[in-house]
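Engineer: Contents of upload-v6.pdb (PDB, C-alpha atoms):
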```
ATOM      1  CA  MET A 157      -2.463 -11.317 -10.037  1.00  0.00           C
ATOM      2  CA  ASN A 158      -3.670 -14.700  -8.894  1.00  0.00           C
ATOM      3  CA  LYS A 159      -5.976 -15.638  -6.042  1.00  0.00           C
ATOM      4  CA  GLU A 160      -3.159 -16.439  -3.575  1.00  0.00           C
ATOM      5  CA  GLN A 161      -1.440 -13.090  -4.220  1.00  0.00           C
ATOM      6  CA  ALA A 162      -4.744 -11.277  -3.730  1.00  0.00           C
ATOM      7  CA  LEU A 163      -5.387 -13.108  -0.470  1.00  0.00           C
ATOM      8  CA  THR A 164      -1.895 -12.272   0.803  1.00  0.00           C
ATOM      9  CA  ALA A 165      -2.336  -8.590  -0.059  1.00  0.00           C
ATOM     10  CA  LEU A 166      -5.814  -8.389   1.447  1.00  0.00           C
ATOM     11  CA  SER A 167      -4.640 -10.156   4.608  1.00  0.00           C
ATOM     12  CA  ALA A 168      -1.778  -7.688   4.957  1.00  0.00           C
ATOM     13  CA  ILE A 169      -4.016  -4.629   4.870  1.00  0.00           C
ATOM     14  CA  ALA A 170      -6.805  -6.202   6.928  1.00  0.00           C
ATOM     15  CA  GLN A 171      -5.306  -4.701  10.072  1.00  0.00           C
ATOM     16  CA  SER A 172      -5.795  -1.106  11.187  1.00  0.00           C
ATOM     17  CA  ALA A 173      -2.148  -0.046  11.585  1.00  0.00           C
ATOM     18  CA  ARG A 174      -1.088  -1.702   8.322  1.00  0.00           C
ATOM     19  CA  LEU A 175      -3.891  -0.046   6.408  1.00  0.00           C
ATOM     20  CA  ASP A 176      -2.853   3.312   7.883  1.00  0.00           C
ATOM     21  CA  ILE A 177       0.788   2.680   6.929  1.00  0.00           C
ATOM     22  CA  PHE A 178      -0.129   1.673   3.392  1.00  0.00           C
ATOM     23  CA  ARG A 179      -2.427   4.675   2.877  1.00  0.00           C
ATOM     24  CA  CYS A 180       0.246   7.015   4.240  1.00  0.00           C
ATOM     25  CA  LEU A 181       2.786   5.587   1.774  1.00  0.00           C
ATOM     26  CA  VAL A 182       0.331   5.839  -1.127  1.00  0.00           C
ATOM     27  CA  GLN A 183      -0.179   9.516  -0.269  1.00  0.00           C
ATOM     28  CA  ALA A 184       3.585  10.082   0.034  1.00  0.00           C
ATOM     29  CA  GLY A 185       4.091   9.236  -3.622  1.00  0.00           C
ATOM     30  CA  PRO A 186       7.040   7.573  -5.339  1.00  0.00           C
ATOM     31  CA  GLU A 187       9.647   9.143  -3.045  1.00  0.00           C
ATOM     32  CA  GLY A 188       8.200   7.301  -0.068  1.00  0.00           C
ATOM     33  CA  LEU A 189       8.959   7.978   3.574  1.00  0.00           C
ATOM     34  CA  ALA A 190      11.719   7.052   5.977  1.00  0.00           C
ATOM     35  CA  ALA A 191      10.750   4.570   8.677  1.00  0.00           C
ATOM     36  CA  GLY A 192      11.266   7.211  11.373  1.00  0.00           C
ATOM     37  CA  VAL A 193       8.951   9.643   9.625  1.00  0.00           C
ATOM     38  CA  LEU A 194       6.282   6.943   9.353  1.00  0.00           C
ATOM     39  CA  SER A 195       6.697   6.116  13.022  1.00  0.00           C
ATOM     40  CA  ASP A 196       6.277   9.755  14.027  1.00  0.00           C
ATOM     41  CA  ALA A 197       3.409  10.454  11.628  1.00  0.00           C
ATOM     42  CA  LEU A 198       1.360   7.460  12.725  1.00  0.00           C
ATOM     43  CA  GLN A 199       2.460   7.356  16.368  1.00  0.00           C
ATOM     44  CA  ILE A 200       3.614   3.738  16.070  1.00  0.00           C
ATOM     45  CA  ALA A 201       6.577   2.428  18.061  1.00  0.00           C
ATOM     46  CA  ASN A 202       9.586   1.492  15.917  1.00  0.00           C
ATOM     47  CA  SER A 203       9.480  -2.208  16.825  1.00  0.00           C
ATOM     48  CA  THR A 204       5.761  -2.417  16.066  1.00  0.00           C
ATOM     49  CA  LEU A 205       6.207  -0.479  12.836  1.00  0.00           C
ATOM     50  CA  SER A 206       8.965  -2.859  11.757  1.00  0.00           C
ATOM     51  CA  PHE A 207       6.630  -5.829  12.295  1.00  0.00           C
ATOM     52  CA  HIS A 208       3.906  -4.239  10.144  1.00  0.00           C
ATOM     53  CA  LEU A 209       6.333  -3.120   7.422  1.00  0.00           C
ATOM     54  CA  LYS A 210       7.592  -6.700   7.140  1.00  0.00           C
ATOM     55  CA  ALA A 211       4.038  -7.974   6.566  1.00  0.00           C
ATOM     56  CA  LEU A 212       3.348  -5.320   3.911  1.00  0.00           C
ATOM     57  CA  THR A 213       6.684  -6.056   2.211  1.00  0.00           C
ATOM     58  CA  HIS A 214       5.934  -9.795   2.223  1.00  0.00           C
ATOM     59  CA  ALA A 215       2.622  -9.028   0.485  1.00  0.00           C
ATOM     60  CA  ASN A 216       4.571  -6.968  -2.084  1.00  0.00           C
ATOM     61  CA  LEU A 217       2.422  -3.927  -1.289  1.00  0.00           C
ATOM     62  CA  ILE A 218       5.435  -1.822  -0.315  1.00  0.00           C
ATOM     63  CA  CYS A 219       9.103  -1.683  -1.265  1.00  0.00           C
ATOM     64  CA  ALA A 220      12.102  -0.675   0.797  1.00  0.00           C
ATOM     65  CA  ARG A 221      15.293   1.049  -0.285  1.00  0.00           C
ATOM     66  CA  GLN A 222      18.274   2.020   1.791  1.00  0.00           C
ATOM     67  CA  GLU A 223      19.901   5.413   1.417  1.00  0.00           C
ATOM     68  CA  SER A 224      22.838   5.991   3.707  1.00  0.00           C
ATOM     69  CA  ARG A 225      21.672   4.833   7.118  1.00  0.00           C
ATOM     70  CA  PHE A 226      17.966   5.370   6.456  1.00  0.00           C
ATOM     71  CA  ILE A 227      15.424   2.962   5.002  1.00  0.00           C
ATOM     72  CA  TYR A 228      12.721   4.503   2.837  1.00  0.00           C
ATOM     73  CA  TYR A 229       9.457   2.730   2.132  1.00  0.00           C
ATOM     74  CA  THR A 230       7.248   3.307  -0.892  1.00  0.00           C
ATOM     75  CA  ALA A 231       3.901   1.927  -1.960  1.00  0.00           C
ATOM     76  CA  ASN A 232       4.036  -0.600  -4.787  1.00  0.00           C
ATOM     77  CA  TYR A 233       1.491   1.037  -7.077  1.00  0.00           C
ATOM     78  CA  ALA A 234       1.651  -1.764  -9.638  1.00  0.00           C
ATOM     79  CA  GLN A 235       0.686  -4.307  -6.963  1.00  0.00           C
ATOM     80  CA  MET A 236      -2.038  -2.021  -5.629  1.00  0.00           C
ATOM     81  CA  ASN A 237      -3.502  -1.556  -9.107  1.00  0.00           C
ATOM     82  CA  GLY A 238      -3.151  -5.297  -9.757  1.00  0.00           C
ATOM     83  CA  LEU A 239      -5.193  -6.007  -6.648  1.00  0.00           C
ATOM     84  CA  LEU A 240      -7.876  -3.527  -7.694  1.00  0.00           C
ATOM     85  CA  ALA A 241      -7.973  -5.066 -11.168  1.00  0.00           C
ATOM     86  CA  TYR A 242      -8.255  -8.567  -9.692  1.00  0.00           C
ATOM     87  CA  LEU A 243     -11.120  -7.508  -7.425  1.00  0.00           C
ATOM     88  CA  THR A 244     -13.048  -5.877 -10.255  1.00  0.00           C
ATOM     89  CA  GLU A 245     -12.075  -8.264 -13.049  1.00  0.00           C
ATOM     90  CA  ASN A 246     -15.589  -9.561 -13.551  1.00  0.00           C
ATOM     91  CA  CYS A 247     -17.436  -6.481 -12.378  1.00  0.00           C
ATOM     92  CA  CYS A 248     -20.893  -6.166 -13.916  1.00  0.00           C
ATOM     93  CA  GLY A 249     -20.426  -9.433 -15.781  1.00  0.00           C
ATOM     94  CA  GLY A 250     -17.647  -7.977 -17.900  1.00  0.00           C
ATOM     95  CA  ASN A 251     -19.773  -5.091 -19.179  1.00  0.00           C
ATOM     96  CA  SER A 252     -17.172  -2.310 -19.343  1.00  0.00           C
ATOM     97  CA  ALA A 253     -19.857   0.375 -19.724  1.00  0.00           C
ATOM     98  CA  CYS A 254     -20.893  -0.331 -16.140  1.00  0.00           C
ATOM     99  CA  CYS A 255     -17.542   0.526 -14.484  1.00  0.00           C
ATOM    100  CA  PRO A 256     -14.985   3.230 -15.106  1.00  0.00           C
ATOM    101  CA  GLU A 257     -11.485   2.138 -16.027  1.00  0.00           C
ATOM    102  CA  LEU A 258      -9.256   1.564 -13.010  1.00  0.00           C
ATOM    103  CA  GLN A 259      -6.480   4.074 -12.723  1.00  0.00           C
ATOM    104  CA  CYS A 260      -4.330   5.255  -9.881  1.00  0.00           C
ATOM    105  CA  LEU A 261      -5.118   8.920 -10.139  1.00  0.00           C
ATOM    106  CA  PRO A 262      -4.757  11.418  -7.331  1.00  0.00           C
ATOM    107  CA  THR A 263      -8.062  12.703  -6.052  1.00  0.00           C
ATOM    108  CA  SER A 264      -8.865  15.750  -4.029  1.00  0.00           C
ATOM    109  CA  LYS A 265     -10.100  15.294  -0.473  1.00  0.00           C
ATOM    110  CA  GLU A 266     -13.515  16.591  -1.538  1.00  0.00           C
ATOM    111  CA  THR A 267     -14.077  13.601  -3.848  1.00  0.00           C
ATOM    112  CA  ARG A 268     -13.080  10.931  -1.322  1.00  0.00           C
TER     113      ARG A 268
END
```
Taking this structure as input, can you express it in the form of structure tokens?
Structural biologist:
Amino acid sequence: MNKEQALTALSAIAQSARLDIFRCLVQAGPEGLAAGVLSDALQIANSTLSFHLKALTHANLICARQESRFIYYTANYAQMNGLLAYLTENCCGGNSACCPELQCLPTSKETR
């Protein structure tokens, strides 16, 4: 990931509703969620949700797929992990003993 891609991704999630949408999709896993389910779960109007989904898609943080007449959205885990890697690339001056390896692993609510 380069600096411009990181800035685009960070800009996309630097808004409350978009961060909520992205986190909801990360929690949903690889199957993702239909737009209507997202709208209901987050209490966001369809037109507003569409606006935010477009911004997250543009940042390549989420992907859309159409099945029948429904559009399902999923988190782009590779992009998410790429952003985390970019942000921590030079953590502790490159001393790997300082930081654990970045991995997208599910965590329990107790460890959050």
Engineer: Nearest to A:Cys180: which of A:Asn237, A:Thr244, A:Asn216, A:Ser195 is it, counting only C-alpha atoms?
Structural biologist: A:Ser195
Engineer: Under the rule that all atoms listed in the file are counted, which of A:Ala241, A:Gly249, A:Leu198, A:Tyr229 is the nearest residue to A:Ala173?
Structural biologist: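 Using all atoms listed in the file, A:Ala173 sits closest to A:Leu198.
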Engineer: Show which residues sit within 8 Å of stretch 166-171 of chain A, as a PyMOL selection string. Count all atoms listed in the file, and ignore same-chain residues fewer than 3 positions away.
Structural biologist: chain A and resi 162-163+174-175+178+211-212+215
Engineer: Write out, as a CSV table (one decimal), keeping the file's coordinate frame, the residues just selected, with C-alpha atoms.
Structural biologist:
```csv
chain,number,residue,atom,x,y,z
A,162,ALA,CA,-4.7,-11.3,-3.7
A,163,LEU,CA,-5.4,-13.1,-0.5
A,174,ARG,CA,-1.1,-1.7,8.3
A,175,LEU,CA,-3.9,0.0,6.4
A,178,PHE,CA,-0.1,1.7,3.4
A,211,ALA,CA,4.0,-8.0,6.6
A,212,LEU,CA,3.3,-5.3,3.9
A,215,ALA,CA,2.6,-9.0,0.5
```
Engineer: Determine the residue set returned by the PyMOL selection byres ((chain A and resi 238) around 12) for the present structure, and present it as a list in words.
Structural biologist: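 Going through the file, the PyMOL selection byres ((chain A and resi 238) around 12) ends up selecting Met157, Asn158, Lys159, Gln161, Ala162, Ala165, Leu166, Asn216, Leu217, Asn232, Tyr233, Ala234, Gln235, Met236, Asn237, Leu239, Leu240, Ala241, Tyr242, Leu243, Thr244, Glu245, Leu258, Gln259 and Cys260 of chain A.
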Engineer: How many Å lie between atom CA of A:Thr204 and atom CA of A:Ala231, rounded to one decimal?
Structural biologist: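 One can read the atom CA of A:Thr204 to atom CA of A:Ala231 distance as 18.6 Å.
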Engineer: What is the distance, in Å and to one decimal place, between atom CA of A:Asp196 and atom CA of A:Ile177?
Structural biologist: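 Distance between the two atoms: 11.4 Å.
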Engineer: Selection in question (the file shown): the PyMOL selection byres ((chain A and resi 227) around 10). Which residues does it include, as JSON, numbers by chain?
Structural biologist: {"A": [188, 189, 190, 191, 192, 220, 221, 222, 223, 224, 225, 226, 228, 229]}
Engineer: Hey, could you pull the box centre and edge lengths for stretch 199-215 of chain A, axis-aligned, 5 Å padding per side, all listed atoms, to one decimal in Å, as AutoDock Vina command-line options?
Structural biologist:
```
--center_x 6.0 --center_y -1.2 --center_z 9.3 --size_x 17.1 --size_y 27.2 --size_z 27.6
```
Engineer: What is the distance between atom CA of A:Thr230 and atom CA of A:Glu160, in Å to one decimal?
Structural biologist: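 Here the two named atoms are 22.5 Å from each other.
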Engineer: Please return stretch 196-218 of chain A, rebuilt to N, CA, C and O atoms, as an mmCIF file, in the frame of the given file.
Structural biologist:
```cif
data_model
loop_
_atom_site.group_PDB
_atom_site.id
_atom_site.type_symbol
_atom_site.label_atom_id
_atom_site.label_comp_id
_atom_site.auth_asym_id
_atom_site.auth_seq_id
_atom_site.Cartn_x
_atom_site.Cartn_y
_atom_site.Cartn_z
ATOM 1 N N ASP A 196 6.740 8.499 13.433
ATOM 2 C CA ASP A 196 6.277 9.755 14.027
ATOM 3 C C ASP A 196 4.888 10.149 13.527
ATOM 4 O O ASP A 196 4.031 10.556 14.307
ATOM 5 N N ALA A 197 4.676 10.026 12.220
ATOM 6 C CA ALA A 197 3.409 10.454 11.628
ATOM 7 C C ALA A 197 2.236 9.633 12.142
ATOM 8 O O ALA A 197 1.144 10.154 12.344
ATOM 9 N N LEU A 198 2.458 8.341 12.338
ATOM 10 C CA LEU A 198 1.360 7.460 12.725
ATOM 11 C C LEU A 198 1.372 7.096 14.209
ATOM 12 O O LEU A 198 0.517 6.339 14.660
ATOM 13 N N GLN A 199 2.350 7.638 14.930
ATOM 14 C CA GLN A 199 2.460 7.356 16.368
ATOM 15 C C GLN A 199 2.521 5.853 16.638
ATOM 16 O O GLN A 199 1.777 5.321 17.474
ATOM 17 N N ILE A 200 3.407 5.180 15.910
ATOM 18 C CA ILE A 200 3.614 3.738 16.070
ATOM 19 C C ILE A 200 5.050 3.524 16.527
ATOM 20 O O ILE A 200 5.981 4.063 15.916
ATOM 21 N N ALA A 201 5.233 2.728 17.561
ATOM 22 C CA ALA A 201 6.577 2.428 18.061
ATOM 23 C C ALA A 201 7.409 1.755 16.971
ATOM 24 O O ALA A 201 6.875 0.999 16.149
ATOM 25 N N ASN A 202 8.706 2.022 16.964
ATOM 26 C CA ASN A 202 9.586 1.492 15.917
ATOM 27 C C ASN A 202 9.510 -0.021 15.775
ATOM 28 O O ASN A 202 9.472 -0.551 14.662
ATOM 29 N N SER A 203 9.516 -0.744 16.904
ATOM 30 C CA SER A 203 9.480 -2.208 16.825
ATOM 31 C C SER A 203 8.155 -2.695 16.242
ATOM 32 O O SER A 203 8.133 -3.640 15.446
ATOM 33 N N THR A 204 7.067 -2.052 16.609
ATOM 34 C CA THR A 204 5.761 -2.417 16.066
ATOM 35 C C THR A 204 5.682 -2.065 14.584
ATOM 36 O O THR A 204 5.183 -2.853 13.772
ATOM 37 N N LEU A 205 6.200 -0.902 14.234
ATOM 38 C CA LEU A 205 6.207 -0.479 12.836
ATOM 39 C C LEU A 205 6.989 -1.476 11.989
ATOM 40 O O LEU A 205 6.537 -1.866 10.909
ATOM 41 N N SER A 206 8.135 -1.902 12.475
ATOM 42 C CA SER A 206 8.965 -2.859 11.757
ATOM 43 C C SER A 206 8.200 -4.149 11.472
ATOM 44 O O SER A 206 8.272 -4.699 10.365
ATOM 45 N N PHE A 207 7.452 -4.625 12.451
ATOM 46 C CA PHE A 207 6.630 -5.829 12.295
ATOM 47 C C PHE A 207 5.607 -5.641 11.174
ATOM 48 O O PHE A 207 5.445 -6.511 10.311
ATOM 49 N N HIS A 208 4.928 -4.504 11.161
ATOM 50 C CA HIS A 208 3.906 -4.239 10.144
ATOM 51 C C HIS A 208 4.525 -4.020 8.764
ATOM 52 O O HIS A 208 3.977 -4.480 7.758
ATOM 53 N N LEU A 209 5.662 -3.341 8.703
ATOM 54 C CA LEU A 209 6.333 -3.120 7.422
ATOM 55 C C LEU A 209 6.771 -4.447 6.801
ATOM 56 O O LEU A 209 6.696 -4.624 5.581
ATOM 57 N N LYS A 210 7.190 -5.375 7.640
ATOM 58 C CA LYS A 210 7.592 -6.700 7.140
ATOM 59 C C LYS A 210 6.404 -7.405 6.492
ATOM 60 O O LYS A 210 6.534 -7.997 5.414
ATOM 61 N N ALA A 211 5.235 -7.337 7.124
ATOM 62 C CA ALA A 211 4.038 -7.974 6.566
ATOM 63 C C ALA A 211 3.638 -7.339 5.237
ATOM 64 O O ALA A 211 3.285 -8.040 4.286
ATOM 65 N N LEU A 212 3.707 -6.016 5.154
ATOM 66 C CA LEU A 212 3.348 -5.320 3.911
ATOM 67 C C LEU A 212 4.367 -5.604 2.807
ATOM 68 O O LEU A 212 4.001 -5.723 1.634
ATOM 69 N N THR A 213 5.636 -5.721 3.187
ATOM 70 C CA THR A 213 6.684 -6.056 2.211
ATOM 71 C C THR A 213 6.483 -7.474 1.699
ATOM 72 O O THR A 213 6.600 -7.729 0.495
ATOM 73 N N HIS A 214 6.184 -8.398 2.606
ATOM 74 C CA HIS A 214 5.934 -9.795 2.223
ATOM 75 C C HIS A 214 4.775 -9.890 1.226
ATOM 76 O O HIS A 214 4.798 -10.706 0.304
ATOM 77 N N ALA A 215 3.777 -9.049 1.392
ATOM 78 C CA ALA A 215 2.622 -9.028 0.485
ATOM 79 C C ALA A 215 2.930 -8.270 -0.806
ATOM 80 O O ALA A 215 2.077 -8.161 -1.678
ATOM 81 N N ASN A 216 4.128 -7.726 -0.913
ATOM 82 C CA ASN A 216 4.571 -6.968 -2.084
ATOM 83 C C ASN A 216 3.767 -5.687 -2.285
ATOM 84 O O ASN A 216 3.665 -5.172 -3.391
ATOM 85 N N LEU A 217 3.173 -5.177 -1.201
ATOM 86 C CA LEU A 217 2.422 -3.927 -1.289
ATOM 87 C C LEU A 217 3.319 -2.709 -1.102
ATOM 88 O O LEU A 217 2.952 -1.605 -1.505
ATOM 89 N N ILE A 218 4.475 -2.908 -0.475
ATOM 90 C CA ILE A 218 5.435 -1.822 -0.315
ATOM 91 C C ILE A 218 6.827 -2.329 -0.655
ATOM 92 O O ILE A 218 7.083 -3.538 -0.657
#
```
